[in-house]
Amino acid sequence: MSESQRGSQRGFATHAIHTGQEVDQVFGAVVPPLHFSTTYAPDGIGNLRNGYDYGRAGNPTRTALQSQLAALEGGGHAFSFGSGLAAEDAIIRALLRPGQRIVMGNDAYGGTFRLFDKIHSAWGVSNTPLDLSDHARVAAELEHDDAGLLWVETPSNPLMAVTDIAVLAEIAHAHGALLVVDNTFATPYLQQPLALGADVVVHSTTKYIGGHSDVVGGAVVLGSGDAATGLAEKVAFQQFAVGAVSGPLDAYLTTRGLKTLGVRMDRHCSNAQTIAEHFEGHSAIERVLYPGLESHPGHGLAAQQMRGFGGMVSIELAGGEAAARKVAEATRYFILAESLGGVESLMNYPHEMTHASVRGTELAVPENLLRLSVGIEDVADLVDDLEQALGGL
């Protein structure tokens with residue numbers, strides 16, 4: 001077996017630690033050096049050194065991260081951006097034109113809907129939110145010539161809906177549309193959308209991939225075939241021409257976090273499962289939303305297309321909005337804050353925080369819902385923390 005064949009068959013953690021992270025050939029540094037330079041001297045006019053000339057066009061630290069991301073998603077091309085929304089914006093600019101439309105889930109992240117509805121709609125790219133479990137409705141919407149993209153977020157934020165990627169890929173392709181999957185909640189460790197038929201994968205790398213709540217970023221990953229290469233060229237042009245790239249320090253921090261993604265996700269999943277099971281049926285809780293529970297309507301599908309159920313749990317309080325607000329402000333270890341996916345546990349009140357932009361629309365989040373980003377602390381402490389907060393109701 002050749003070295004290239006062995007490399008392509010690496011396991012997930014091996015890819016995360018070694019792909020794009022070759023030992024420095026000058027000093028032998030095990031961790032590749034961080035390249036801050038904004039410009040690169042050619043070896044004579046028109047003769048670039050390893051293809052680098054200007055920091056917006058390319059940076060060795062960013063290249064290393066992109067190699068990691070492509071390998072971990074089983075793709076052929078990856079692009080790192082300054083935020084998850086910048087990555088989404090690049091996809092829309094690259095793949096759609098005025099007069100086209102995005103078909104999307106009606107429980108998508110509020111920031112995604114805001115980008116589509118408030119920014120791109122002004123430039124003639126419209127959107128249709130709907131229930132993605134209604135496959136007949138999805139197919140009917142995609143029959144229209146203007147439908148260019150089917151946008152899927154699974155599990156969804158924050159209602160934890162699980163969507164059948166393989167089925168929707170077939171429907172999208174049968175109607176000449178592309179399937180984009182936001183894989184932020186699941187991460188490439190738990191879910192591989194490209195292998196299930198998706199054309200494009202998008203991440204907010206701020207979340208689990210970075211993993212330490214200290215760097216903002218986004219990524220786009222595509223496959224390796226001829227069609228994917230054509231799409232990748234369009235995204236690459238957007239990355240270069242618009243310039244919403246990740247800086248070298250951001251790329252370095254994201255790479256550092258990515259190396260431990262697998263072991264972190266195992267702990268996130270274990271802790272979240274324990275919390276979901278413990279609080280299901282609690283007198284103060286109306287409903288626990290977590291794909292790892294057998295009571296979750298998407299449990300079987302999640303078990304089929306994911307290798308774990310993730311670290312996100314949403315709960316709906318029996319006491320309504322007032323109870324949700326009180327619990328959100330009464331925890332010790334669950335920090336009241338936006339974002340998710342860090343090693344520390346976070347609690348968010350989406351109605352007024354992350355999803356405030358969709359209040360009054362069909363994407364509005366229930367007022368009694370709290371979203372928990374379950375960290376990797378000792379789970380007994382997290383259970384006790386929630387118990388004491390709920391006990392104050």
# chains A, B, ... in the order shown; residues from 1 in each chain; ligands from 1
$ residues_around --residues "Tyr40 in chain A" --least-positions-apart "4" --cutoff "7 Å" --atoms "only C-alpha atoms" --output "ChimeraX atom specification"
/A:52-54
$ residues_around --residues "Leu372 in chain A" --least-positions-apart "2" --cutoff "7 Å" --atoms "only C-alpha atoms" --output "PDB file with C-alpha atoms, in the first residue's frame"
ATOM      1  CA  MET A 312     -27.093  20.027  22.580  1.00  0.00           C
ATOM      2  CA  VAL A 313     -30.241  19.599  24.669  1.00  0.00           C
ATOM      3  CA  SER A 314     -33.294  21.865  24.645  1.00  0.00           C
ATOM      4  CA  LEU A 346     -23.721  27.285  28.372  1.00  0.00           C
ATOM      5  CA  MET A 347     -27.404  28.087  28.697  1.00  0.00           C
ATOM      6  CA  ASN A 348     -29.253  30.265  26.233  1.00  0.00           C
ATOM      7  CA  LEU A 370     -33.982  26.930  27.029  1.00  0.00           C
ATOM      8  CA  VAL A 374     -23.663  20.630  27.588  1.00  0.00           C
TER       9      VAL A 374
END
$ closest_residue --among "A:Ala330, A:Val152, A:Ile376, A:Leu289" --to "Ala389 in chain A" --atoms "only C-alpha atoms"
A:Ala330
$ residues_around --residues "range 185-196 of chain A" --least-positions-apart "6" --cutoff "9 Å" --atoms "only C-alpha atoms" --output "VMD selection string"
chain A and resid 12 to 13 69 72 to 75 153 to 157 165 to 167 169 203 207 to 209 221 to 223 261 to 262 265 305 to 312 340 to 341
$ write_last_selection --atoms "N, CA and C atoms" --output "compact mmCIF listing (two decimals), in the first residue's frame"
# COMPACT_ATOMS: atom_id res chain seq x y z
N PHE A 12 -10.41 9.01 11.97
CA PHE A 12 -10.81 10.41 12.19
C PHE A 12 -9.80 11.16 13.06
N ALA A 13 -9.47 10.61 14.21
CA ALA A 13 -8.56 11.31 15.13
C ALA A 13 -7.17 11.46 14.52
N LEU A 69 -10.00 20.22 7.56
CA LEU A 69 -11.46 20.24 7.42
C LEU A 69 -11.92 19.35 6.27
N LEU A 72 -11.56 15.64 7.32
CA LEU A 72 -12.48 15.16 8.35
C LEU A 72 -13.92 15.05 7.84
N GLU A 73 -14.28 15.84 6.83
CA GLU A 73 -15.62 15.75 6.25
C GLU A 73 -15.65 14.77 5.07
N GLY A 74 -14.52 14.16 4.75
CA GLY A 74 -14.47 13.26 3.61
C GLY A 74 -14.62 13.98 2.31
N GLY A 75 -14.18 15.24 2.26
CA GLY A 75 -14.31 16.07 1.07
C GLY A 75 -13.00 16.27 0.34
N GLU A 153 -30.43 21.94 8.15
CA GLU A 153 -29.70 22.06 9.41
C GLU A 153 -30.14 20.90 10.28
N THR A 154 -29.25 19.96 10.54
CA THR A 154 -29.66 18.78 11.30
C THR A 154 -28.54 18.28 12.20
N PRO A 155 -28.83 18.11 13.52
CA PRO A 155 -30.02 18.54 14.23
C PRO A 155 -30.19 20.05 14.15
N SER A 156 -31.46 20.50 14.23
CA SER A 156 -31.72 21.91 14.04
C SER A 156 -31.54 22.69 15.34
N ASN A 157 -31.39 23.99 15.18
CA ASN A 157 -31.09 24.89 16.29
C ASN A 157 -32.26 25.83 16.53
N ILE A 165 -30.90 13.30 5.54
CA ILE A 165 -30.02 13.90 4.55
C ILE A 165 -30.06 13.12 3.24
N ALA A 166 -29.99 11.80 3.31
CA ALA A 166 -29.93 10.99 2.09
C ALA A 166 -31.19 11.15 1.25
N VAL A 167 -32.34 11.14 1.89
CA VAL A 167 -33.60 11.29 1.15
C VAL A 167 -33.69 12.67 0.52
N ALA A 169 -31.26 14.60 -0.31
CA ALA A 169 -30.27 14.70 -1.38
C ALA A 169 -30.86 14.15 -2.68
N HIS A 203 -20.10 25.04 8.25
CA HIS A 203 -19.90 25.01 9.69
C HIS A 203 -19.73 26.41 10.24
N LYS A 207 -18.01 27.00 17.03
CA LYS A 207 -18.67 26.11 17.97
C LYS A 207 -17.79 24.89 18.31
N TYR A 208 -18.22 23.70 18.00
CA TYR A 208 -17.51 22.51 18.46
C TYR A 208 -16.13 22.36 17.84
N ILE A 209 -15.97 22.78 16.60
CA ILE A 209 -14.67 22.58 15.95
C ILE A 209 -13.59 23.37 16.66
N VAL A 221 -17.19 23.10 3.02
CA VAL A 221 -16.51 21.89 2.54
C VAL A 221 -17.31 21.29 1.39
N LEU A 222 -16.61 20.88 0.34
CA LEU A 222 -17.25 20.24 -0.82
C LEU A 222 -16.56 18.93 -1.12
N GLY A 223 -17.20 18.13 -1.99
CA GLY A 223 -16.68 16.83 -2.32
C GLY A 223 -15.46 16.88 -3.22
N LEU A 261 -11.28 17.20 18.67
CA LEU A 261 -12.72 17.17 18.46
C LEU A 261 -13.33 15.82 18.84
N GLY A 262 -12.71 14.73 18.42
CA GLY A 262 -13.28 13.41 18.67
C GLY A 262 -13.45 13.11 20.15
N MET A 265 -16.14 15.40 21.70
CA MET A 265 -17.51 15.06 21.32
C MET A 265 -18.00 13.81 22.05
N GLN A 305 -27.99 7.94 10.89
CA GLN A 305 -27.08 8.78 10.12
C GLN A 305 -26.03 9.51 10.97
N MET A 306 -26.05 9.30 12.28
CA MET A 306 -25.06 9.89 13.17
C MET A 306 -24.39 8.79 13.99
N ARG A 307 -23.16 9.05 14.44
CA ARG A 307 -22.49 8.07 15.29
C ARG A 307 -22.64 8.42 16.76
N GLY A 308 -23.35 9.49 17.06
CA GLY A 308 -23.64 9.93 18.42
C GLY A 308 -24.68 11.02 18.32
N PHE A 309 -25.28 11.38 19.44
CA PHE A 309 -26.43 12.29 19.39
C PHE A 309 -26.10 13.74 19.72
N GLY A 310 -24.85 14.04 19.99
CA GLY A 310 -24.43 15.42 20.16
C GLY A 310 -24.53 15.94 21.58
N GLY A 311 -24.12 17.18 21.75
CA GLY A 311 -24.05 17.79 23.07
C GLY A 311 -25.09 18.85 23.33
N MET A 312 -26.07 19.00 22.43
CA MET A 312 -27.09 20.03 22.58
C MET A 312 -28.41 19.42 23.07
N LEU A 340 -22.25 28.18 21.57
CA LEU A 340 -22.35 26.79 22.01
C LEU A 340 -21.08 26.05 21.61
N GLY A 341 -20.97 24.83 22.07
CA GLY A 341 -19.92 23.94 21.60
C GLY A 341 -18.59 24.06 22.30
$ closest_residue --among "A:Ile275, A:Leu178, A:Ala364, A:Val23" --to "Ala227 in chain A" --atoms "only C-alpha atoms"
A:Leu178
$ residues_around --residues "Glu329 in chain A" --least-positions-apart "4" --cutoff "12 Å" --atoms "only C-alpha atoms" --output "ChimeraX atom specification"
/A:322-325,333-337,346-349,370,385-386,388-390,392-393
$ write_last_selection --atoms "C-alpha atoms" --output "PDB file, in the first residue's frame"
ATOM      1  CA  ALA A 322     -41.324  33.228  33.446  1.00  0.00           C
ATOM      2  CA  ALA A 323     -39.955  29.840  34.505  1.00  0.00           C
ATOM      3  CA  ALA A 324     -37.523  29.721  31.602  1.00  0.00           C
ATOM      4  CA  ARG A 325     -36.151  33.154  32.429  1.00  0.00           C
ATOM      5  CA  TYR A 333     -22.026  25.976  35.972  1.00  0.00           C
ATOM      6  CA  PHE A 334     -24.325  26.546  33.000  1.00  0.00           C
ATOM      7  CA  ILE A 335     -23.226  30.051  32.019  1.00  0.00           C
ATOM      8  CA  LEU A 336     -25.943  32.280  30.569  1.00  0.00           C
ATOM      9  CA  ALA A 337     -24.446  33.222  27.200  1.00  0.00           C
ATOM     10  CA  LEU A 346     -23.721  27.285  28.372  1.00  0.00           C
ATOM     11  CA  MET A 347     -27.404  28.087  28.697  1.00  0.00           C
ATOM     12  CA  ASN A 348     -29.253  30.265  26.233  1.00  0.00           C
ATOM     13  CA  TYR A 349     -32.754  31.735  26.121  1.00  0.00           C
ATOM     14  CA  LEU A 370     -33.982  26.930  27.029  1.00  0.00           C
ATOM     15  CA  ASP A 385     -26.733  22.616  38.955  1.00  0.00           C
ATOM     16  CA  LEU A 386     -29.898  22.154  36.922  1.00  0.00           C
ATOM     17  CA  GLN A 388     -31.009  23.455  42.110  1.00  0.00           C
ATOM     18  CA  ALA A 389     -32.082  25.950  39.438  1.00  0.00           C
ATOM     19  CA  LEU A 390     -35.319  24.064  38.771  1.00  0.00           C
ATOM     20  CA  GLY A 392     -36.148  27.457  42.783  1.00  0.00           C
ATOM     21  CA  LEU A 393     -39.311  27.593  40.695  1.00  0.00           C
TER      22      LEU A 393
END
